[in-house]
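Peer 1: Pasting run17.json here (JSON, C-alpha atoms):
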```
[["chain", "number", "residue", "atom", "x", "y", "z"],
["A", 17, "MET", "CA", -107.83, -47.99, 124.19],
["A", 18, "GLU", "CA", -111.37, -47.84, 125.50],
["A", 19, "ASN", "CA", -112.45, -45.12, 123.10],
["A", 20, "LEU", "CA", -111.39, -47.32, 120.18],
["A", 21, "LYS", "CA", -114.23, -49.80, 120.78],
["A", 22, "ASN", "CA", -117.31, -47.67, 120.24],
["A", 23, "LYS", "CA", -119.46, -47.55, 117.13],
["A", 24, "ASP", "CA", -118.06, -44.18, 116.05],
["A", 25, "LEU", "CA", -114.69, -45.84, 115.48],
["A", 26, "LEU", "CA", -115.74, -46.82, 111.94],
["A", 27, "GLU", "CA", -117.41, -43.53, 111.02],
["A", 28, "GLY", "CA", -116.84, -42.77, 107.34],
["A", 29, "PHE", "CA", -114.96, -46.04, 106.70],
["A", 30, "ILE", "CA", -115.20, -48.06, 103.49],
["A", 31, "ASP", "CA", -114.51, -51.79, 103.67],
["A", 32, "THR", "CA", -113.36, -52.68, 100.16],
["A", 33, "HIS", "CA", -113.51, -56.46, 100.61],
["A", 34, "VAL", "CA", -116.55, -58.17, 102.18],
["A", 35, "HIS", "CA", -117.96, -61.62, 101.36],
["A", 36, "THR", "CA", -121.72, -61.98, 101.76],
["A", 37, "ALA", "CA", -124.54, -64.44, 101.14],
["A", 38, "PRO", "CA", -125.97, -65.76, 98.91],
["A", 39, "ASP", "CA", -122.88, -67.76, 98.09],
["A", 40, "ILE", "CA", -121.70, -71.33, 97.55],
["A", 41, "LYS", "CA", -119.78, -71.10, 100.84],
["A", 42, "PRO", "CA", -121.33, -70.32, 104.25],
["A", 43, "ARG", "CA", -121.37, -66.58, 104.97],
["A", 44, "VAL", "CA", -122.08, -64.93, 108.30],
["A", 45, "LEU", "CA", -124.30, -62.20, 106.79],
["A", 46, "ASN", "CA", -126.23, -61.62, 103.59],
["A", 47, "ASP", "CA", -125.88, -58.47, 101.47],
["A", 48, "ILE", "CA", -128.65, -56.58, 103.26],
["A", 49, "GLU", "CA", -127.58, -57.60, 106.76],
["A", 50, "ALA", "CA", -124.01, -56.50, 106.04],
["A", 51, "ALA", "CA", -125.27, -53.16, 104.76],
["A", 52, "TYR", "CA", -127.40, -52.56, 107.87],
["A", 53, "GLU", "CA", -124.54, -53.49, 110.23],
["A", 54, "SER", "CA", -122.19, -51.11, 108.43],
["A", 55, "LYS", "CA", -124.78, -48.36, 108.47],
["A", 56, "GLN", "CA", -125.27, -48.78, 112.22],
["A", 57, "HIS", "CA", -121.54, -48.22, 112.67],
["A", 58, "LYS", "CA", -121.69, -45.01, 110.59],
["A", 59, "MET", "CA", -119.56, -46.41, 107.82],
["A", 60, "GLN", "CA", -119.64, -44.80, 104.40],
["A", 61, "ALA", "CA", -119.81, -47.87, 102.15],
["A", 62, "ILE", "CA", -118.93, -51.53, 101.68],
["A", 63, "VAL", "CA", -117.79, -53.47, 98.63],
["A", 64, "ILE", "CA", -119.41, -56.92, 98.39],
["A", 65, "LYS", "CA", -117.59, -59.70, 96.56],
["A", 66, "SER", "CA", -118.40, -63.17, 95.27],
["A", 67, "HIS", "CA", -115.91, -65.53, 93.69],
["A", 68, "VAL", "CA", -118.60, -67.04, 91.48],
["A", 69, "GLU", "CA", -120.99, -64.33, 90.25],
["A", 70, "SER", "CA", -121.36, -60.60, 89.76],
["A", 71, "THR", "CA", -122.54, -58.70, 92.84],
["A", 72, "ALA", "CA", -123.51, -55.56, 90.89],
["A", 73, "GLY", "CA", -127.25, -56.25, 90.85],
["A", 74, "ARG", "CA", -127.23, -57.55, 94.42],
["A", 75, "ALA", "CA", -125.52, -54.36, 95.57],
["A", 76, "LYS", "CA", -128.25, -52.20, 94.03],
["A", 77, "ILE", "CA", -130.95, -54.13, 95.88],
["A", 78, "ALA", "CA", -129.09, -54.05, 99.21],
["A", 79, "GLU", "CA", -128.42, -50.34, 98.82],
["A", 80, "LYS", "CA", -132.05, -49.52, 98.07],
["A", 81, "ILE", "CA", -133.37, -51.52, 101.01],
["A", 82, "SER", "CA", -130.78, -50.36, 103.56],
["A", 83, "GLU", "CA", -130.35, -46.79, 102.26],
["A", 84, "PHE", "CA", -126.61, -47.34, 102.62],
["A", 85, "LYS", "CA", -123.93, -47.31, 99.90],
["A", 86, "VAL", "CA", -123.21, -50.86, 98.69],
["A", 87, "ILE", "CA", -120.77, -51.40, 95.83],
["A", 88, "GLY", "CA", -120.61, -54.51, 93.68],
["A", 89, "GLY", "CA", -118.47, -55.91, 90.90],
["A", 90, "VAL", "CA", -117.41, -59.09, 89.19],
["A", 91, "CYS", "CA", -114.62, -61.60, 89.77],
["A", 92, "LEU", "CA", -113.34, -63.08, 86.50],
["A", 93, "ASN", "CA", -113.34, -66.74, 87.45],
["A", 94, "SER", "CA", -114.44, -69.68, 85.32],
["A", 95, "SER", "CA", -118.05, -69.46, 86.54],
["A", 96, "VAL", "CA", -118.53, -66.15, 84.66],
["A", 97, "GLY", "CA", -116.51, -67.21, 81.62],
["A", 98, "GLY", "CA", -113.07, -66.24, 82.92],
["A", 99, "LEU", "CA", -111.54, -63.23, 81.16],
["A", 100, "ASN", "CA", -114.89, -62.36, 79.62],
["A", 101, "PRO", "CA", -115.38, -58.79, 78.31],
["A", 102, "ASP", "CA", -119.15, -59.29, 78.07],
["A", 103, "THR", "CA", -119.56, -59.92, 81.79],
["A", 104, "VAL", "CA", -117.41, -56.86, 82.55],
["A", 105, "LYS", "CA", -119.56, -54.71, 80.26],
["A", 106, "VAL", "CA", -122.81, -55.96, 81.81],
["A", 107, "THR", "CA", -121.44, -55.49, 85.33],
["A", 108, "ALA", "CA", -120.62, -51.87, 84.50],
["A", 109, "GLU", "CA", -124.08, -51.33, 83.00],
["A", 110, "LEU", "CA", -125.61, -52.67, 86.22],
["A", 111, "GLY", "CA", -123.65, -50.13, 88.25],
["A", 112, "GLY", "CA", -120.75, -52.34, 89.32],
["A", 113, "LYS", "CA", -117.57, -50.48, 90.20],
["A", 114, "ILE", "CA", -114.84, -53.12, 90.49],
["A", 115, "VAL", "CA", -113.44, -55.94, 88.37],
["A", 116, "TRP", "CA", -111.37, -58.55, 90.18],
["A", 117, "PHE", "CA", -109.05, -60.63, 88.06],
["A", 118, "PRO", "CA", -109.18, -64.39, 88.75],
["A", 119, "THR", "CA", -109.12, -65.67, 92.32],
["A", 120, "ILE", "CA", -110.20, -69.30, 92.70],
["A", 121, "SER", "CA", -109.47, -69.81, 88.97],
["A", 122, "ALA", "CA", -106.16, -67.96, 88.95],
["A", 123, "SER", "CA", -104.06, -71.10, 88.38],
["A", 124, "GLN", "CA", -106.14, -72.03, 85.32],
["A", 125, "ILE", "CA", -106.12, -68.70, 83.47],
["A", 126, "SER", "CA", -103.11, -67.11, 81.80],
["A", 127, "ILE", "CA", -102.75, -63.33, 81.68],
["A", 128, "THR", "CA", -101.72, -61.92, 78.31],
["A", 129, "TYR", "CA", -102.22, -58.59, 76.58],
["A", 130, "GLU", "CA", -104.41, -60.30, 73.99],
["A", 131, "ASN", "CA", -106.90, -61.72, 76.48],
["A", 132, "THR", "CA", -107.00, -58.68, 78.76],
["A", 133, "GLU", "CA", -107.00, -55.76, 76.32],
["A", 134, "SER", "CA", -110.78, -55.63, 75.77],
["A", 135, "ILE", "CA", -111.46, -55.93, 79.50],
["A", 136, "LEU", "CA", -108.97, -53.23, 80.41],
["A", 137, "ASN", "CA", -110.41, -50.91, 77.77],
["A", 138, "ILE", "CA", -113.86, -51.27, 79.34],
["A", 139, "ILE", "CA", -112.41, -50.67, 82.80],
["A", 140, "ALA", "CA", -110.65, -47.53, 81.57],
["A", 141, "LYS", "CA", -113.65, -46.18, 79.67],
["A", 142, "LYS", "CA", -116.10, -46.80, 82.53],
["A", 143, "GLU", "CA", -113.58, -45.67, 85.18],
["A", 144, "LEU", "CA", -113.94, -48.94, 87.07],
["A", 145, "VAL", "CA", -111.51, -50.23, 89.68],
["A", 146, "LEU", "CA", -109.15, -52.96, 88.52],
["A", 147, "ALA", "CA", -108.28, -55.46, 91.26],
["A", 148, "THR", "CA", -105.63, -58.14, 90.82],
["A", 149, "GLY", "CA", -107.36, -60.97, 92.71],
["A", 150, "HIS", "CA", -105.13, -63.96, 93.44],
["A", 151, "LEU", "CA", -102.57, -63.34, 90.70],
["A", 152, "LYS", "CA", -98.93, -63.94, 91.55],
["A", 153, "PRO", "CA", -96.47, -61.01, 91.41],
["A", 154, "GLU", "CA", -95.20, -61.90, 87.92],
["A", 155, "ASP", "CA", -98.72, -61.73, 86.48],
["A", 156, "ILE", "CA", -99.54, -58.66, 88.56],
["A", 157, "PHE", "CA", -96.62, -56.77, 87.04],
["A", 158, "SER", "CA", -97.67, -57.81, 83.55],
["A", 159, "LEU", "CA", -101.24, -56.68, 84.24],
["A", 160, "LEU", "CA", -100.01, -53.37, 85.65],
["A", 161, "ASP", "CA", -98.00, -52.77, 82.48],
["A", 162, "TYR", "CA", -101.02, -53.54, 80.28],
["A", 163, "ALA", "CA", -103.30, -51.40, 82.44],
["A", 164, "LYS", "CA", -100.91, -48.47, 82.40],
["A", 165, "SER", "CA", -100.60, -48.62, 78.60],
["A", 166, "LEU", "CA", -104.40, -48.55, 78.28],
["A", 167, "LYS", "CA", -104.78, -45.71, 80.78],
["A", 168, "VAL", "CA", -106.51, -47.61, 83.61],
["A", 169, "LYS", "CA", -106.22, -45.23, 86.56],
["A", 170, "LYS", "CA", -107.81, -47.04, 89.53],
["A", 171, "ILE", "CA", -106.01, -50.21, 90.63],
["A", 172, "ILE", "CA", -105.95, -52.35, 93.79],
["A", 173, "ILE", "CA", -103.44, -55.10, 94.58],
["A", 174, "ASN", "CA", -105.47, -57.52, 96.70],
["A", 175, "HIS", "CA", -103.94, -58.85, 99.94],
["A", 176, "PRO", "CA", -100.30, -58.92, 98.74],
["A", 177, "LEU", "CA", -99.02, -60.61, 101.92],
["A", 178, "THR", "CA", -101.23, -63.67, 101.74],
["A", 179, "GLY", "CA", -99.93, -67.03, 100.59],
["A", 180, "VAL", "CA", -102.01, -66.95, 97.41],
["A", 181, "VAL", "CA", -100.18, -63.78, 96.26],
["A", 182, "GLY", "CA", -96.90, -63.70, 98.19],
["A", 183, "ALA", "CA", -95.44, -60.34, 97.17],
["A", 184, "THR", "CA", -92.19, -59.24, 98.80],
["A", 185, "ILE", "CA", -91.77, -55.76, 100.28],
["A", 186, "ASP", "CA", -89.66, -54.70, 97.28],
["A", 187, "GLU", "CA", -92.36, -55.97, 94.93],
["A", 188, "GLN", "CA", -95.02, -54.13, 96.93],
["A", 189, "LYS", "CA", -93.00, -50.92, 96.69],
["A", 190, "GLU", "CA", -92.86, -51.28, 92.93],
["A", 191, "MET", "CA", -96.58, -52.10, 92.72],
["A", 192, "SER", "CA", -97.44, -49.07, 94.85],
["A", 193, "ARG", "CA", -96.15, -46.77, 92.10],
["A", 194, "TYR", "CA", -99.27, -47.65, 90.09],
["A", 195, "ALA", "CA", -101.75, -49.10, 92.57],
["A", 196, "TYR", "CA", -103.05, -49.21, 96.12],
["A", 197, "LEU", "CA", -102.09, -52.22, 98.24],
["A", 198, "GLU", "CA", -105.13, -53.66, 99.97],
["A", 199, "HIS", "CA", -104.15, -55.35, 103.24],
["A", 200, "CYS", "CA", -106.86, -57.68, 104.56],
["A", 201, "PHE", "CA", -107.17, -58.71, 108.20],
["A", 202, "VAL", "CA", -108.52, -62.14, 107.32],
["A", 203, "ALA", "CA", -104.90, -63.12, 106.61],
["A", 204, "CYS", "CA", -104.25, -62.87, 110.36],
["A", 205, "MET", "CA", -107.00, -65.35, 111.25],
["A", 206, "GLU", "CA", -106.05, -68.83, 112.46],
["A", 207, "LYS", "CA", -108.05, -70.66, 109.77],
["A", 208, "HIS", "CA", -106.45, -68.59, 107.03],
["A", 209, "ASP", "CA", -102.77, -67.51, 106.78],
["A", 210, "ASN", "CA", -102.38, -66.99, 110.55],
["A", 211, "LEU", "CA", -100.21, -63.99, 109.68],
["A", 212, "ASP", "CA", -98.73, -61.89, 112.48],
["A", 213, "PRO", "CA", -100.48, -58.48, 112.29],
["A", 214, "ASN", "CA", -97.08, -56.91, 112.85],
["A", 215, "VAL", "CA", -96.13, -58.06, 109.34],
["A", 216, "ILE", "CA", -98.96, -55.96, 107.90],
["A", 217, "ALA", "CA", -98.00, -53.00, 110.10],
["A", 218, "ASP", "CA", -94.39, -53.24, 108.94],
["A", 219, "ALA", "CA", -95.48, -53.34, 105.30],
["A", 220, "ILE", "CA", -97.66, -50.26, 105.79],
["A", 221, "LYS", "CA", -94.73, -48.43, 107.37],
["A", 222, "GLU", "CA", -92.45, -49.45, 104.47],
["A", 223, "ILE", "CA", -94.88, -48.55, 101.69],
["A", 224, "GLY", "CA", -96.61, -45.63, 103.40],
["A", 225, "PRO", "CA", -100.32, -45.29, 104.23],
["A", 226, "GLU", "CA", -100.74, -43.01, 101.19],
["A", 227, "ARG", "CA", -100.64, -46.13, 98.97],
["A", 228, "CYS", "CA", -102.33, -48.67, 101.25],
["A", 229, "ILE", "CA", -105.89, -49.69, 102.07],
["A", 230, "MET", "CA", -107.10, -51.62, 105.11],
["A", 231, "ALA", "CA", -109.96, -54.05, 104.49],
["A", 232, "THR", "CA", -111.30, -57.14, 106.24],
["A", 233, "ASP", "CA", -112.01, -59.79, 103.56],
["A", 234, "PHE", "CA", -114.38, -61.10, 106.25],
["A", 235, "GLY", "CA", -117.77, -62.71, 105.83],
["A", 236, "GLN", "CA", -116.82, -66.34, 106.40],
["A", 237, "ALA", "CA", -119.16, -68.14, 108.80],
["A", 238, "HIS", "CA", -116.25, -69.07, 111.09],
["A", 239, "ASN", "CA", -115.05, -65.45, 111.51],
["A", 240, "PRO", "CA", -116.61, -62.44, 113.27],
["A", 241, "VAL", "CA", -118.89, -60.14, 111.28],
["A", 242, "PRO", "CA", -116.97, -57.67, 109.08],
["A", 243, "VAL", "CA", -117.52, -54.59, 111.28],
["A", 244, "GLU", "CA", -116.00, -56.44, 114.25],
["A", 245, "GLY", "CA", -113.15, -57.60, 112.03],
["A", 246, "MET", "CA", -112.44, -54.00, 111.08],
["A", 247, "LYS", "CA", -112.36, -52.96, 114.73],
["A", 248, "MET", "CA", -109.93, -55.80, 115.47],
["A", 249, "PHE", "CA", -107.77, -54.69, 112.56],
["A", 250, "ILE", "CA", -107.69, -51.07, 113.75],
["A", 251, "ASN", "CA", -106.74, -52.00, 117.28],
["A", 252, "SER", "CA", -104.02, -54.36, 116.02],
["A", 253, "MET", "CA", -102.50, -51.66, 113.81],
["A", 254, "ILE", "CA", -102.59, -49.09, 116.62],
["A", 255, "GLU", "CA", -100.89, -51.61, 118.91],
["A", 256, "TYR", "CA", -98.09, -51.94, 116.34],
["A", 257, "GLY", "CA", -97.58, -48.21, 115.93],
["A", 258, "ILE", "CA", -99.88, -47.16, 113.09],
["A", 259, "LYS", "CA", -101.46, -43.79, 113.93],
["A", 260, "LYS", "CA", -105.22, -43.25, 113.75],
["A", 261, "ASN", "CA", -104.83, -40.50, 111.14],
["A", 262, "CYS", "CA", -102.95, -43.00, 108.96],
["A", 263, "ILE", "CA", -105.73, -45.56, 109.48],
["A", 264, "ASN", "CA", -108.28, -42.95, 108.41],
["A", 265, "LYS", "CA", -106.28, -42.34, 105.24],
["A", 266, "MET", "CA", -106.27, -46.06, 104.44],
["A", 267, "CYS", "CA", -109.92, -46.66, 105.34],
["A", 268, "ILE", "CA", -111.56, -43.40, 104.25],
["A", 269, "GLN", "CA", -109.55, -41.18, 101.92],
["A", 270, "ASN", "CA", -107.85, -43.80, 99.75],
["A", 271, "PRO", "CA", -110.91, -46.01, 99.07],
["A", 272, "SER", "CA", -113.02, -42.86, 98.53],
["A", 273, "LYS", "CA", -110.70, -41.87, 95.68],
["A", 274, "LEU", "CA", -111.30, -45.23, 94.06],
["A", 275, "PHE", "CA", -115.01, -45.76, 94.61],
["A", 276, "LEU", "CA", -116.67, -42.44, 95.35],
["A", 277, "ASP", "CA", -114.78, -39.75, 93.40]]
```
Kindly transcribe the structure held in the file into structure tokens.
Peer 2:
Amino acid sequence: MENLKNKDLLEGFIDTHVHTAPDIKPRVLNDIEAAYESKQHKMQAIVIKSHVESTAGRAKIAEKISEFKVIGGVCLNSSVGGLNPDTVKVTAELGGKIVWFPTISASQISITYENTESILNIIAKKELVLATGHLKPEDIFSLLDYAKSLKVKKIIINHPLTGVVGATIDEQKEMSRYAYLEHCFVACMEKHDNLDPNVIADAIKEIGPERCIMATDFGQAHNPVPVEGMKMFINSMIEYGIKKNCINKMCIQNPSKLFLD
């Protein structure tokens, strides 16, 4: 296992879920610090997320300063007007690449074709990534149906095994027909879901690495920095029987298809 702890371990990786400062919650690194750390570990890119504002403009600044690929987007919570087509359009114009459906506002916002059609049309036209945020499986399936009908091609189901989502293996299998399942290691942390990493490994084996992504969802002040979280995740998955070539598929090839192709 010794060779799995060096900096080259993350070469070419893309972490699709990183929380950075500035934020309303304490974060261990700011946008630029996270970019530099990832660059030092020879990663290919990171996706920075905020629950309360667009990170598209912040990503452009961090990328220019660090000379490392930083990707931003917007999370459609109440602070940006909820399911607001205007904020999606502006985020795309600023170079954002991902639109997360509600997370911290998920319980307050209903998902219907009428209030998502304009947003999904922008996502399809601009070839953005649609992410399901903290929606429950019932709403995820509705959103997948709407997205499919409007020809949205790039879709991520965020952390399906966490308590806020709670998708069963059968539901994940159905979701994987249209989307990538993003498994986040933060779910295994004590102050979060305290999930057994073996549960994630089993889900990956059931679904197949071809339709999964490994990400950290790290950045909280009480957790390690994201690059260390990714190393922990890799070592946990290898311990539970996930091969390194499968990890590379989930951390390099699959996110590249979404964000870099």
Peer 1: If you measure from CA of Lys167 in chain A to CA of Ala140 in chain A, what distance in Å do you get, rounded to one decimal?
Peer 2: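 That distance, rounded to one decimal, is 6.2 Å.
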Peer 1: Could you tell me which of A:Thr36, A:Ser252, A:Thr119, A:Thr107 comes closest to His150 in chain A if we count all atoms listed in the file?
Peer 2: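 Smallest separation from His150 in chain A among the options: A:Thr119.
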Peer 1: Expressed in Å to a single decimal, how great is the separation between CA of Leu160 in chain A and CA of Cys204 in chain A?
Peer 2: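 About the pair CA of Leu160 in chain A and CA of Cys204 in chain A: they are 26.8 Å apart.
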Peer 1: Please determine the residues with any atom at most 12 Å from (-131.7, -48.8, 101.9) (coordinates as given in the file, with all atoms listed in the file counting) and report them as a list in words.
Peer 2: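 The residues near that point, listed by chain and number, are Asp47, Ile48, Glu49, Ala50, Ala51, Tyr52, Glu53, Ser54, Lys55, Ala61, Ala75, Lys76, Ile77, Ala78, Glu79, Lys80, Ile81, Ser82, Glu83, Phe84, Lys85 and Val86 of chain A.
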Peer 1: Quick one: of A:Pro101, A:Pro38, A:Gly245, A:Gly112, who's nearest to Phe275 in chain A, counting only C-alpha atoms?
Peer 2: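 For Phe275 in chain A, the nearest of the candidates is A:Gly112.
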Peer 1: Could you please determine the separation between CA of Ile114 in chain A and CA of Gly89 in chain A in Å, to one decimal place?
Peer 2: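 These atoms are spaced 4.6 Å apart.
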Peer 1: Show me, as a ChimeraX atom specification, the residues that have an atom within 10 Å of Met205 in chain A when counting all atoms listed in the file, minus same-chain residues fewer than 4 positions from it.
Peer 2: /A:201,209-213,234,238-239,245
Peer 1: Measuring between all atoms listed in the file, which one of A:Lys170, A:Lys141, A:Lys58, A:His199 shows the shortest distance to Val215 in chain A?
Peer 2: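 For Val215 in chain A, the nearest of the candidates is A:His199.
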Peer 1: Enclose the full set of atoms of range 220-235 of chain A listed in the file within a box whose edges lie along x, y and z, apply 8 Å of padding to each of the six sides, and report centre and edge lengths in Å to one decimal as lines of an AutoDock Vina configuration file.
Peer 2:
```
center_x = -105.1
center_y = -52.9
center_z = 103.2
size_x = 41.3
size_y = 35.7
size_z = 24.4
```
Peer 1: List the neighbours of Ser134 in chain A out to 10 Å using only C-alpha atoms; skip same-chain residues closer than 5 positions along the sequence, and give me the result as a PyMOL selection string.
Peer 2: chain A and resi 99-102+104-105+129+139-140+166
Peer 1: At a cut-off of 6 Å, using all atoms listed in the file, what residues contact range 91-93 of chain A? Leave out same-chain residues fewer than 2 positions from it and give the result as number ranges by chain.
Peer 2: A: 67, 95-96, 98-99, 115-118, 121
Peer 1: For a quick check of understanding, using all atoms listed in the file, which of A:Ala122, A:Thr128, A:Gly28, A:Thr178 has the smallest distance to Ala163 in chain A?
Peer 2: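 Looking at the shortest contact to Ala163 in chain A, the residue is A:Thr128.
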Peer 1: Which residues are close to Ile250 in chain A, i.e. within 12 Å by all atoms listed in the file, leaving aside same-chain residues fewer than 2 positions away? Reply as a PyMOL selection string.
Peer 2: chain A and resi 17+20-21+25-26+29+199-201+213+216-217+229-232+243-248+252-264+266-267
Peer 1: Name the closest residue to Pro242 in chain A among the candidates A:Glu143, A:Val202, A:Val106, A:Lys207; distances are taken between atoms, counting all atoms listed in the file.
Peer 2: A:Val202
Peer 1: Rank nothing, just name the residue among A:Gly224, A:Gly111, A:Gly88, A:Pro240 nearest to Thr32 in chain A, using all atoms listed in the file.
Peer 2: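 Of all the options, A:Gly88 lies closest to Thr32 in chain A.
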